[in-house]
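Q: Take this structure, written in structure tokens, and hold onto it; I'll ask about it next.
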Protein chains: 2
Amino acid sequence: MKIDGNLNKIGEWLKGTGPNSDIAISTRVRLARNIDKIPFTHWANKKQREQVLSLVKGAAENSNLLKGSLYMRMSDVSELNRQFLIERHLMSIEHAQDPGYKALVIEPREIINVMVNEEDHLRIQVIQSGFNLTDSWRLVDKLDMELNQTLSYAHSIKWGYLTACPTNTGTGMRASLMLHLPALAMTKQINKVLQALAKLNVAVRGIYGEGTEALGNFFQISNQVTLGRPEEYIIGDFERVMHQVIGREAQARKYLLMKEKAQLSDKILRAYGTLKSARIITSSETINLMSSIRLGVHIGILPDVNIKTINEIYIMTQPAHLQKLEGKILTADQRDMKRADLIRAKLK
Amino acid sequence: MKIDGNLNKIGEWLKGTGPNSDIAISTRVRLARNIDKIPFTHWANKKQREQVLSLVKGAAENSNLLKGSLYMRMSDVSELNRQFLIERHLMSIEHAQDPGYKALVIEPREIINVMVNEEDHLRIQVIQSGFNLTDSWRLVDKLDMELNQTLSYAHSIKWGYLTACPTNTGTGMRASLMLHLPALAMTKQINKVLQALAKLNVAVRGIYGEGTEALGNFFQISNQVTLGRPEEYIIGDFERVMHQVIGREAQARKYLLMKEKAQLSDKILRAYGTLKSARIITSSETINLMSSIRLGVHIGILPDVNIKTINEIYIMTQPAHLQKLEGKILTADQRDMKRADLIRAKLK
């Protein structure tokens with residue numbers, strides 16, 4: 001497997017299927033784990049970090065679930081490829097910085113990835129398409145147990161799994177959903193919903209995680225509780241809350257279709273017209289317009305557009321993807337033109 | 001001939017031909033005339049105004065150039081039809097107000113019209129397609145002479161033709177061009193050009209005359225000199241100045257095509273995409289987007305669009321036209337939808 005083996009494809013988690021995939025783009029569950037008796041990454045010296053890399057590499061090689069995976073040291077990965085991996089949601093922005101003594105394991109379908117020596121020694125992550133919390137939890141749990149056969153985790157009976165940041169201590173688990181909430185935004189209910197979520201120990205972020213904007217009405221919503229309860233209960237609670245948010249968005253879509261169909265069609269079809277016509281387009285305009293197209297497909301206003309095409313455009317119009325597809329470094333202006341070309345070709 | 005006999009057509013002056021018609025949409029020359037020994041309209045009593053109406057009606061019936069024309073008293077014309085006539089540039093906004101004792105003569109091809117009892121007893125007007133000052137002057141002059149065979153004009157040897165407003169006294173002539181100057185606007189030269197024109201006794205207005213905005217980069221530019229020189233000289237001077245403005249716009253278009261073709265194509269093709277996609281659109285957005293389409297046709301970026309179609313959209317998407325085409329009164333919201341439907345049908 002090569003880093004860019006899937007350059008022309010999208011990961012399984014973006015296939016656009018799975019429960020409620022008209023609203024829940026994808027589900028992610030990640031576990032933070034640290035190896036016993038080795039200091040957390042930021043306190044570890046080079047030798048200790050090297051030891052972590054080697055231990056995790058060995059454990060990954062013994063894992064069934066990681067069979068066929070690519071293990072790469074970040075220092076061997078070019079800046080462009082690191083950006084490429086971030087764009088595919090296969091690692092965090094932080095993991096791309098200071099690449100020394102860091103590694104990444106990615107599984108061929110891009111459902112599983114493991115960051116090594118990020119904030120914690122291991123960040124084990126599963127991403128799946130749709131509203132798939134229980135399945136994703138089961139898969140990440142299974143992988144965790146496999147790795148645990150080789151690795152000895154830092155764990156305390158009182159606190160549970162020990163992590164670099166105390167907010168992760170306990171289960172070390174964070175579950176998150178990428179939700180597409182355009183109708184809540186159009187009906188101006190989104191802020192109320194987000195405020196209600198804030199009170200329920202749930203955090204809301206933009207597409208690329210903490211500190212990023214909610215472009216295109218995509219919201220990454222994650223549970224904040226890690227301590228004091230078993231994973232299944234935490235997942236169950238989070239699932240119920242998310243179920244309600246998804247229900248609110250579905251209602252808002254029905255309302256718009258009933259009461260403001262003309263305005264809604266106008267917005268969606270204009271977005272489609274612009275994307276099929278533009279010769280120059282930035283990535284934020286793309287994400288915003290594609291948000292309308294995605295909604296249009298799901299509510300039947302653009303029945304002929306394939307959701308897979310939309311997800312391909314979403315992934316492939318990002319800067320590193322565009323440059324890898326083109327086979328050369330492009331300036332921002334050049335990318336804006338290539339992006340427009342790619343979108344027109346995909347929507348033809 | 002009926003008022004709305006040309007509802008589904010556009011007047012000859014919008015056929016999109018004639019010299020420099022890629023920049024000069026149309027040429028208009030109008031003469032202000034008053035009948036001798038009758039007070040100017042605003043000072044005349046009802047009987048005197050009635051007398052003017054009757055004299056002009058008789059003169060129009062004797063005119064060869066006005067053969068087949070429609071003579072209508074404004075008080076017999078519904079508000080919708082008055083708006084319709086304004087939209088077709090066949091009379092002024094002022095002429096539609098207080099319709100008592102006012103009349104309008106329109107010739108079937110819509111090249112000639114005569115307003116009776118507007119500010120002056122007669123406002124004789126010729127509109128033609130393209131940059132056509134000399135021809136238009138000749139035609140209005142010929143009509144003036146025909147009418148003068150029946151009517152006796154208020155005239156003084158010292159001042160020339162006497163008019164209600166002293167700014168028209170002398171020749172009573174005003175020549176104007178409707179210019180489309182999108183490239184001067186895009187290259188940010190337009191204000192400089194307009195400032196230079198202001199110094200040359202030339203006035204600049206928006207599409208519907210005095211006090212209206214320059215929507216879609218359409219500028220109605222008219223000479224302000226009426227006194228002290230024969231008409232041919234005034235026309236000649238104005239023609240030279242307008243020739244320069246047209247030349248500047250042509251240069252700016254070439255510059256944009258050479259230096260900013262991608263941005264220009266993007267703007268034009270996006271406008272086209274939006275017009276072909278929108279389900280709701282206001283008239284000002286229409287005029288602004290159609291401005292880009294018009295430019296696109298003339299510089300070869302949209303070679304398949306017909307300039308006649310563009311002019312039809314420009315005329316027929318106006319409120320009164322839309323309502324007459326639909327056969328009923330429409331609210332602003334309904335018009336915005338019908339307008340979008342009409343545009344999509346025309347651009348198909």
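Here's how to read the names in the structure tokens: chain A, B, ... by the order shown, residue numbers from 1 in each chain, ligand numbers from 1 in the order shown.
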At a cut-off of 6 Å, list the chain B residues touching chain A, using only C-alpha atoms, as a list in words.

A: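 That gives Asp266, Leu269, Arg270, Gly273, Thr274, Ser277, Ala278, Arg279 and Ile280 of chain B for chain B.
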
Q: Produce a file of the selected residues containing N, CA and C atoms, as a compact mmCIF listing (two decimals), in the first residue's frame.

A:
# COMPACT_ATOMS: atom_id res chain seq x y z
N ASP B 266 -14.64 33.47 -15.70
CA ASP B 266 -15.28 33.00 -14.47
C ASP B 266 -16.51 33.84 -14.16
N LEU B 269 -19.24 33.26 -16.95
CA LEU B 269 -19.85 31.93 -16.96
C LEU B 269 -20.62 31.65 -15.68
N ARG B 270 -20.17 32.23 -14.57
CA ARG B 270 -20.96 32.11 -13.33
C ARG B 270 -22.30 32.82 -13.49
N GLY B 273 -24.43 30.65 -15.54
CA GLY B 273 -24.88 29.50 -14.74
C GLY B 273 -25.99 29.89 -13.78
N THR B 274 -25.84 31.04 -13.15
CA THR B 274 -26.86 31.49 -12.19
C THR B 274 -28.18 31.77 -12.91
N SER B 277 -30.04 28.78 -13.77
CA SER B 277 -30.40 27.92 -12.64
C SER B 277 -31.40 28.53 -11.68
N ALA B 278 -31.40 29.85 -11.56
CA ALA B 278 -32.19 30.48 -10.51
C ALA B 278 -33.67 30.18 -10.65
N ARG B 279 -34.34 30.09 -9.53
CA ARG B 279 -35.80 29.92 -9.48
C ARG B 279 -36.48 31.18 -8.99
N ILE B 280 -35.72 32.08 -8.42
CA ILE B 280 -36.22 33.35 -7.90
C ILE B 280 -35.15 34.38 -8.23

Q: What does chain B look like after a least-squares fit onto chain A on every Cα paired in order, written as a compact mmCIF listing (two decimals) with C-alpha atoms, in the first residue's frame?

A:
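Wrote it out as selection05.txt, contents follow:
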# COMPACT_ATOMS: atom_id res chain seq x y z
CA MET B 1 0.04 -0.02 0.02
CA LYS B 2 1.25 3.47 -0.84
CA ILE B 3 0.31 6.73 0.89
CA ASP B 4 -1.48 7.93 -2.20
CA GLY B 5 -2.78 4.53 -3.24
CA ASN B 6 -6.29 5.89 -2.71
CA LEU B 7 -5.65 9.25 -4.35
CA ASN B 8 -8.40 8.77 -6.91
CA LYS B 9 -10.78 7.15 -4.45
CA ILE B 10 -12.45 8.18 -1.26
CA GLY B 11 -12.19 6.27 2.01
CA GLU B 12 -14.91 3.82 3.03
CA TRP B 13 -16.12 6.28 5.64
CA LEU B 14 -17.18 8.67 2.87
CA LYS B 15 -19.07 6.17 0.77
CA GLY B 16 -22.28 7.92 1.79
CA THR B 17 -24.13 4.90 3.14
CA GLY B 18 -24.97 3.76 6.64
CA PRO B 19 -27.78 4.83 8.98
CA ASN B 20 -28.99 8.46 8.61
CA SER B 21 -26.20 9.16 6.16
CA ASP B 22 -28.28 12.03 4.72
CA ILE B 23 -27.45 13.96 7.89
CA ALA B 24 -24.67 12.02 9.65
CA ILE B 25 -21.76 12.01 7.21
CA SER B 26 -19.49 9.88 9.38
CA THR B 27 -18.88 8.48 12.83
CA ARG B 28 -15.54 8.42 14.54
CA VAL B 29 -14.49 6.71 17.74
CA ARG B 30 -10.96 7.06 19.00
CA LEU B 31 -9.10 5.71 21.99
CA ALA B 32 -6.14 7.37 23.69
CA ARG B 33 -3.67 4.82 25.00
CA ASN B 34 -0.19 5.03 26.50
CA ILE B 35 2.37 2.35 27.04
CA ASP B 36 3.05 1.48 30.62
CA LYS B 37 6.28 2.73 32.20
CA ILE B 38 7.18 5.08 29.36
CA PRO B 39 6.54 8.85 29.91
CA PHE B 40 3.80 10.50 27.86
CA THR B 41 5.02 11.69 24.43
CA HIS B 42 5.74 15.30 25.40
CA TRP B 43 7.78 14.22 28.43
CA ALA B 44 9.55 11.27 26.76
CA ASN B 45 13.09 11.60 25.45
CA LYS B 46 14.09 10.56 21.93
CA LYS B 47 15.06 7.08 22.97
CA GLN B 48 11.78 6.53 24.78
CA ARG B 49 9.79 7.83 21.82
CA GLU B 50 11.78 5.57 19.51
CA GLN B 51 10.89 2.70 21.84
CA VAL B 52 7.18 3.55 21.54
CA LEU B 53 7.44 3.60 17.74
CA SER B 54 9.08 0.22 17.70
CA LEU B 55 6.61 -1.35 20.16
CA VAL B 56 3.58 -0.06 18.27
CA LYS B 57 5.03 -1.16 14.93
CA GLY B 58 5.43 -4.67 16.30
CA ALA B 59 1.91 -4.69 17.75
CA ALA B 60 0.43 -3.44 14.45
CA GLU B 61 2.21 -6.21 12.58
CA ASN B 62 0.63 -8.75 14.90
CA SER B 63 -2.86 -7.30 14.46
CA ASN B 64 -5.40 -9.00 12.20
CA LEU B 65 -7.47 -5.87 11.82
CA LEU B 66 -4.44 -3.90 10.64
CA LYS B 67 -3.45 -6.52 8.05
CA GLY B 68 -2.16 -4.86 4.89
CA SER B 69 -1.82 -1.51 6.64
CA LEU B 70 0.78 1.11 5.84
CA TYR B 71 3.11 2.03 8.69
CA MET B 72 4.93 5.28 8.04
CA ARG B 73 7.25 7.42 10.06
CA MET B 74 6.15 11.05 9.79
CA SER B 75 9.73 12.16 9.13
CA ASP B 76 9.68 10.06 5.93
CA VAL B 77 6.48 11.71 4.73
CA SER B 78 6.74 14.87 2.64
CA GLU B 79 4.91 18.00 3.73
CA LEU B 80 2.52 17.61 0.78
CA ASN B 81 1.73 14.03 1.79
CA ARG B 82 1.22 15.02 5.40
CA GLN B 83 -1.30 17.62 4.23
CA PHE B 84 -2.85 14.94 2.04
CA LEU B 85 -3.33 12.64 5.06
CA ILE B 86 -4.94 15.46 7.05
CA GLU B 87 -7.28 16.18 4.16
CA ARG B 88 -8.36 12.53 4.19
CA HIS B 89 -9.05 12.83 7.94
CA LEU B 90 -6.43 10.12 8.56
CA MET B 91 -4.52 12.15 11.10
CA SER B 92 -4.68 15.38 13.07
CA ILE B 93 -3.13 18.70 12.10
CA GLU B 94 -0.95 18.45 15.24
CA HIS B 95 0.44 15.12 14.12
CA ALA B 96 1.83 16.75 10.96
CA GLN B 97 3.84 19.28 12.96
CA ASP B 98 7.33 18.42 14.26
CA PRO B 99 7.35 15.08 12.46
CA GLY B 100 10.29 13.60 14.34
CA TYR B 101 9.55 10.37 16.27
CA LYS B 102 5.97 10.18 15.12
CA ALA B 103 4.29 7.52 13.03
CA LEU B 104 0.95 6.73 11.45
CA VAL B 105 -0.67 3.41 10.63
CA ILE B 106 -3.44 3.42 8.05
CA GLU B 107 -5.49 0.50 7.01
CA PRO B 108 -6.22 0.14 3.26
CA ARG B 109 -9.94 0.97 3.41
CA GLU B 110 -9.12 3.99 5.60
CA ILE B 111 -11.54 2.83 8.26
CA ILE B 112 -8.81 2.43 10.90
CA ASN B 113 -5.81 4.57 11.64
CA VAL B 114 -3.40 4.80 14.55
CA MET B 115 -1.34 7.89 15.32
CA VAL B 116 1.81 7.07 17.26
CA ASN B 117 3.38 9.67 19.54
CA GLU B 118 0.75 12.30 19.03
CA GLU B 119 -0.39 13.72 22.40
CA ASP B 120 -0.65 10.12 23.64
CA HIS B 121 1.50 7.20 22.55
CA LEU B 122 -1.42 5.78 20.63
CA ARG B 123 -4.49 7.39 19.21
CA ILE B 124 -6.48 4.49 17.79
CA GLN B 125 -9.24 5.64 15.54
CA VAL B 126 -12.11 4.15 13.57
CA ILE B 127 -14.12 6.19 11.07
CA GLN B 128 -17.22 4.83 9.39
CA SER B 129 -19.90 6.15 7.11
CA GLY B 130 -23.22 7.30 8.58
CA PHE B 131 -24.57 7.25 12.15
CA ASN B 132 -22.65 4.21 13.33
CA LEU B 133 -21.59 4.70 16.93
CA THR B 134 -22.07 1.19 18.28
CA ASP B 135 -20.39 -0.52 15.32
CA SER B 136 -17.50 1.90 15.40
CA TRP B 137 -17.07 1.44 19.12
CA ARG B 138 -17.06 -2.35 18.72
CA LEU B 139 -14.44 -2.19 16.00
CA VAL B 140 -12.10 0.16 17.86
CA ASP B 141 -12.56 -1.92 21.00
CA LYS B 142 -11.63 -5.08 19.11
CA LEU B 143 -8.51 -3.44 17.71
CA ASP B 144 -7.66 -2.13 21.17
CA MET B 145 -7.82 -5.65 22.55
CA GLU B 146 -5.65 -7.00 19.74
CA LEU B 147 -2.98 -4.36 20.36
CA ASN B 148 -3.24 -4.91 24.09
CA GLN B 149 -2.11 -8.51 23.55
CA THR B 150 1.29 -7.13 22.57
CA LEU B 151 1.35 -3.78 24.33
CA SER B 152 1.04 -3.14 28.03
CA TYR B 153 -1.11 -0.03 28.61
CA ALA B 154 -0.72 2.59 31.35
CA HIS B 155 -3.80 1.98 33.46
CA SER B 156 -4.90 2.54 37.05
CA ILE B 157 -7.71 0.74 38.80
CA LYS B 158 -8.93 4.04 40.24
CA TRP B 159 -8.67 6.21 37.12
CA GLY B 160 -8.81 3.80 34.19
CA TYR B 161 -6.57 4.49 31.21
CA LEU B 162 -4.00 7.18 31.93
CA THR B 163 -3.61 9.89 29.31
CA ALA B 164 -1.42 12.92 28.73
CA CYS B 165 -4.35 15.28 29.12
CA PRO B 166 -6.63 14.59 32.10
CA THR B 167 -9.74 15.27 29.99
CA ASN B 168 -9.14 11.92 28.29
CA THR B 169 -8.40 9.89 31.38
CA GLY B 170 -10.76 7.01 32.15
CA THR B 171 -12.02 5.41 28.99
CA GLY B 172 -9.64 7.43 26.82
CA MET B 173 -12.51 7.34 24.39
CA ARG B 174 -13.92 10.12 22.32
CA ALA B 175 -16.80 9.47 19.95
CA SER B 176 -17.76 12.03 17.36
CA LEU B 177 -20.14 12.52 14.50
CA MET B 178 -19.74 14.74 11.49
CA LEU B 179 -23.22 16.14 11.00
CA HIS B 180 -24.50 18.16 8.08
CA LEU B 181 -27.05 20.62 9.45
CA PRO B 182 -27.95 23.03 6.65
CA ALA B 183 -31.67 23.15 7.39
CA LEU B 184 -31.11 23.99 11.06
CA ALA B 185 -28.85 26.78 9.84
CA MET B 186 -31.34 28.07 7.25
CA THR B 187 -34.18 28.06 9.75
CA LYS B 188 -31.90 29.82 12.24
CA GLN B 189 -32.28 27.12 14.88
CA ILE B 190 -28.65 26.06 14.79
CA ASN B 191 -27.38 28.31 17.58
CA LYS B 192 -30.11 27.17 19.92
CA VAL B 193 -29.26 23.55 19.19
CA LEU B 194 -25.53 24.16 19.69
CA GLN B 195 -26.19 25.94 22.99
CA ALA B 196 -28.29 23.03 24.20
CA LEU B 197 -25.52 20.61 23.22
CA ALA B 198 -22.94 22.62 25.16
CA LYS B 199 -24.93 21.91 28.33
CA LEU B 200 -24.88 18.17 27.64
CA ASN B 201 -21.11 17.65 27.79
CA VAL B 202 -20.88 17.62 24.06
CA ALA B 203 -18.37 19.69 22.07
CA VAL B 204 -18.98 21.16 18.63
CA ARG B 205 -16.24 21.91 16.11
CA GLY B 206 -15.75 22.53 12.39
CA ILE B 207 -14.66 20.02 9.77
CA TYR B 208 -10.98 19.76 10.67
CA GLY B 209 -11.40 19.59 14.42
CA GLU B 210 -10.76 21.99 17.25
CA GLY B 211 -10.63 25.68 16.39
CA THR B 212 -11.78 25.27 12.79
CA GLU B 213 -14.84 26.98 11.38
CA ALA B 214 -18.15 25.28 10.64
CA LEU B 215 -17.85 25.74 6.88
CA GLY B 216 -20.73 24.44 4.81
CA ASN B 217 -22.80 23.72 7.91
CA PHE B 218 -20.70 20.67 8.78
CA PHE B 219 -20.37 20.17 12.51
CA GLN B 220 -18.13 17.70 14.25
CA ILE B 221 -19.84 16.88 17.50
CA SER B 222 -18.11 14.82 20.17
CA ASN B 223 -18.76 13.51 23.65
CA GLN B 224 -16.69 15.04 26.44
CA VAL B 225 -17.26 12.45 29.16
CA THR B 226 -14.49 9.89 29.57
CA LEU B 227 -14.53 9.26 33.27
CA GLY B 228 -16.76 7.34 35.66
CA ARG B 229 -18.84 5.27 33.26
CA PRO B 230 -18.24 2.29 31.00
CA GLU B 231 -17.79 3.00 27.30
CA GLU B 232 -21.12 1.42 26.29
CA TYR B 233 -23.05 3.79 28.53
CA ILE B 234 -21.18 6.82 27.28
CA ILE B 235 -21.80 5.74 23.68
CA GLY B 236 -25.45 5.09 24.47
CA ASP B 237 -25.99 8.55 26.00
CA PHE B 238 -24.20 10.25 23.16
CA GLU B 239 -26.19 8.25 20.63
CA ARG B 240 -29.48 9.42 22.15
CA VAL B 241 -28.45 13.07 22.08
CA MET B 242 -27.21 12.79 18.51
CA HIS B 243 -30.39 11.04 17.52
CA GLN B 244 -32.30 14.10 18.67
CA VAL B 245 -30.09 16.50 16.73
CA ILE B 246 -30.50 14.39 13.60
CA GLY B 247 -34.25 14.39 14.17
CA ARG B 248 -34.32 18.19 14.46
CA GLU B 249 -32.42 18.57 11.21
CA ALA B 250 -34.77 16.13 9.47
CA GLN B 251 -37.76 18.13 10.73
CA ALA B 252 -36.22 21.39 9.57
CA ARG B 253 -35.68 19.90 6.11
CA LYS B 254 -39.33 18.84 5.94
CA TYR B 255 -40.42 22.27 7.08
CA LEU B 256 -38.34 24.00 4.42
CA LEU B 257 -39.63 21.69 1.71
CA MET B 258 -43.19 22.39 2.75
CA LYS B 259 -43.02 26.09 3.47
CA GLU B 260 -40.12 27.47 1.47
CA LYS B 261 -39.63 25.10 -1.41
CA ALA B 262 -39.12 27.84 -3.99
CA GLN B 263 -36.42 29.64 -1.97
CA LEU B 264 -34.79 26.33 -1.13
CA SER B 265 -34.78 25.13 -4.75
CA ASP B 266 -33.46 28.50 -5.84
CA LYS B 267 -30.56 28.32 -3.40
CA ILE B 268 -29.70 24.73 -4.29
CA LEU B 269 -30.03 25.10 -8.05
CA ARG B 270 -28.04 28.34 -8.06
CA ALA B 271 -25.26 26.58 -6.13
CA TYR B 272 -25.34 23.78 -8.69
CA GLY B 273 -25.30 26.26 -11.58
CA THR B 274 -22.34 28.10 -10.07
CA LEU B 275 -20.33 24.92 -9.48
CA LYS B 276 -21.00 23.74 -13.02
CA SER B 277 -19.96 27.12 -14.41
CA ALA B 278 -17.14 28.56 -12.31
CA ARG B 279 -13.62 28.75 -13.71
CA ILE B 280 -12.04 29.90 -10.46
CA ILE B 281 -13.21 28.80 -7.03
CA THR B 282 -11.73 28.76 -3.53
CA SER B 283 -12.08 25.79 -1.23
CA SER B 284 -14.34 27.55 1.23
CA GLU B 285 -16.75 28.61 -1.52
CA THR B 286 -16.65 25.00 -2.77
CA ILE B 287 -17.52 23.61 0.65
CA ASN B 288 -20.33 26.11 1.09
CA LEU B 289 -21.87 25.49 -2.33
CA MET B 290 -21.40 21.72 -2.08
CA SER B 291 -23.30 21.91 1.19
CA SER B 292 -26.35 23.10 -0.76
CA ILE B 293 -25.84 20.40 -3.40
CA ARG B 294 -25.65 17.70 -0.72
CA LEU B 295 -28.89 18.93 0.79
CA GLY B 296 -30.44 19.08 -2.68
CA VAL B 297 -29.61 15.44 -3.35
CA HIS B 298 -31.03 14.25 -0.06
CA ILE B 299 -34.31 16.16 -0.31
CA GLY B 300 -34.90 15.23 -3.94
CA ILE B 301 -34.21 18.58 -5.59
CA LEU B 302 -31.11 17.26 -7.37
CA PRO B 303 -32.02 13.59 -7.78
CA ASP B 304 -29.51 12.96 -10.56
CA VAL B 305 -26.41 13.86 -8.60
CA ASN B 306 -24.64 11.00 -6.87
CA ILE B 307 -23.67 11.44 -3.24
CA LYS B 308 -20.39 9.64 -3.99
CA THR B 309 -19.56 12.35 -6.52
CA ILE B 310 -20.22 14.99 -3.88
CA ASN B 311 -17.90 13.28 -1.43
CA GLU B 312 -15.23 12.89 -4.10
CA ILE B 313 -15.42 16.60 -4.82
CA TYR B 314 -15.27 17.36 -1.11
CA ILE B 315 -12.07 15.33 -0.67
CA MET B 316 -10.34 15.85 -4.00
CA THR B 317 -10.68 19.61 -4.27
CA GLN B 318 -8.52 20.11 -1.18
CA PRO B 319 -5.09 21.67 -1.80
CA ALA B 320 -2.85 18.62 -1.36
CA HIS B 321 -5.21 16.38 -3.32
CA LEU B 322 -5.33 18.86 -6.19
CA GLN B 323 -1.55 19.09 -6.30
CA LYS B 324 -1.06 15.34 -6.14
CA LEU B 325 -3.67 14.81 -8.84
CA GLU B 326 -1.93 17.42 -10.97
CA GLY B 327 1.48 15.96 -10.16
CA LYS B 328 3.04 19.28 -9.20
CA ILE B 329 3.07 22.11 -6.72
CA LEU B 330 0.42 24.72 -7.54
CA THR B 331 -0.01 28.27 -6.30
CA ALA B 332 -3.29 29.19 -4.60
CA ASP B 333 -4.49 30.88 -7.82
CA GLN B 334 -3.63 27.83 -9.89
CA ARG B 335 -5.42 25.59 -7.40
CA ASP B 336 -8.54 27.74 -7.60
CA MET B 337 -8.61 27.11 -11.36
CA LYS B 338 -7.82 23.38 -11.15
CA ARG B 339 -10.46 23.03 -8.45
CA ALA B 340 -13.07 24.60 -10.73
CA ASP B 341 -11.99 22.28 -13.59
CA LEU B 342 -12.23 19.20 -11.39
CA ILE B 343 -15.68 20.17 -10.11
CA ARG B 344 -17.02 20.78 -13.61
CA ALA B 345 -15.62 17.45 -14.80
CA LYS B 346 -17.16 15.58 -11.84
CA LEU B 347 -20.57 17.26 -12.20
CA LYS B 348 -20.79 16.75 -15.96

Q: Using DSSP secondary structure from the backbone, list all strand (DSSP E) positions within region 55-145 of chain A, as a VMD selection string.

A: chain A and resid 70 to 73 103 to 106 112 to 116 122 to 129
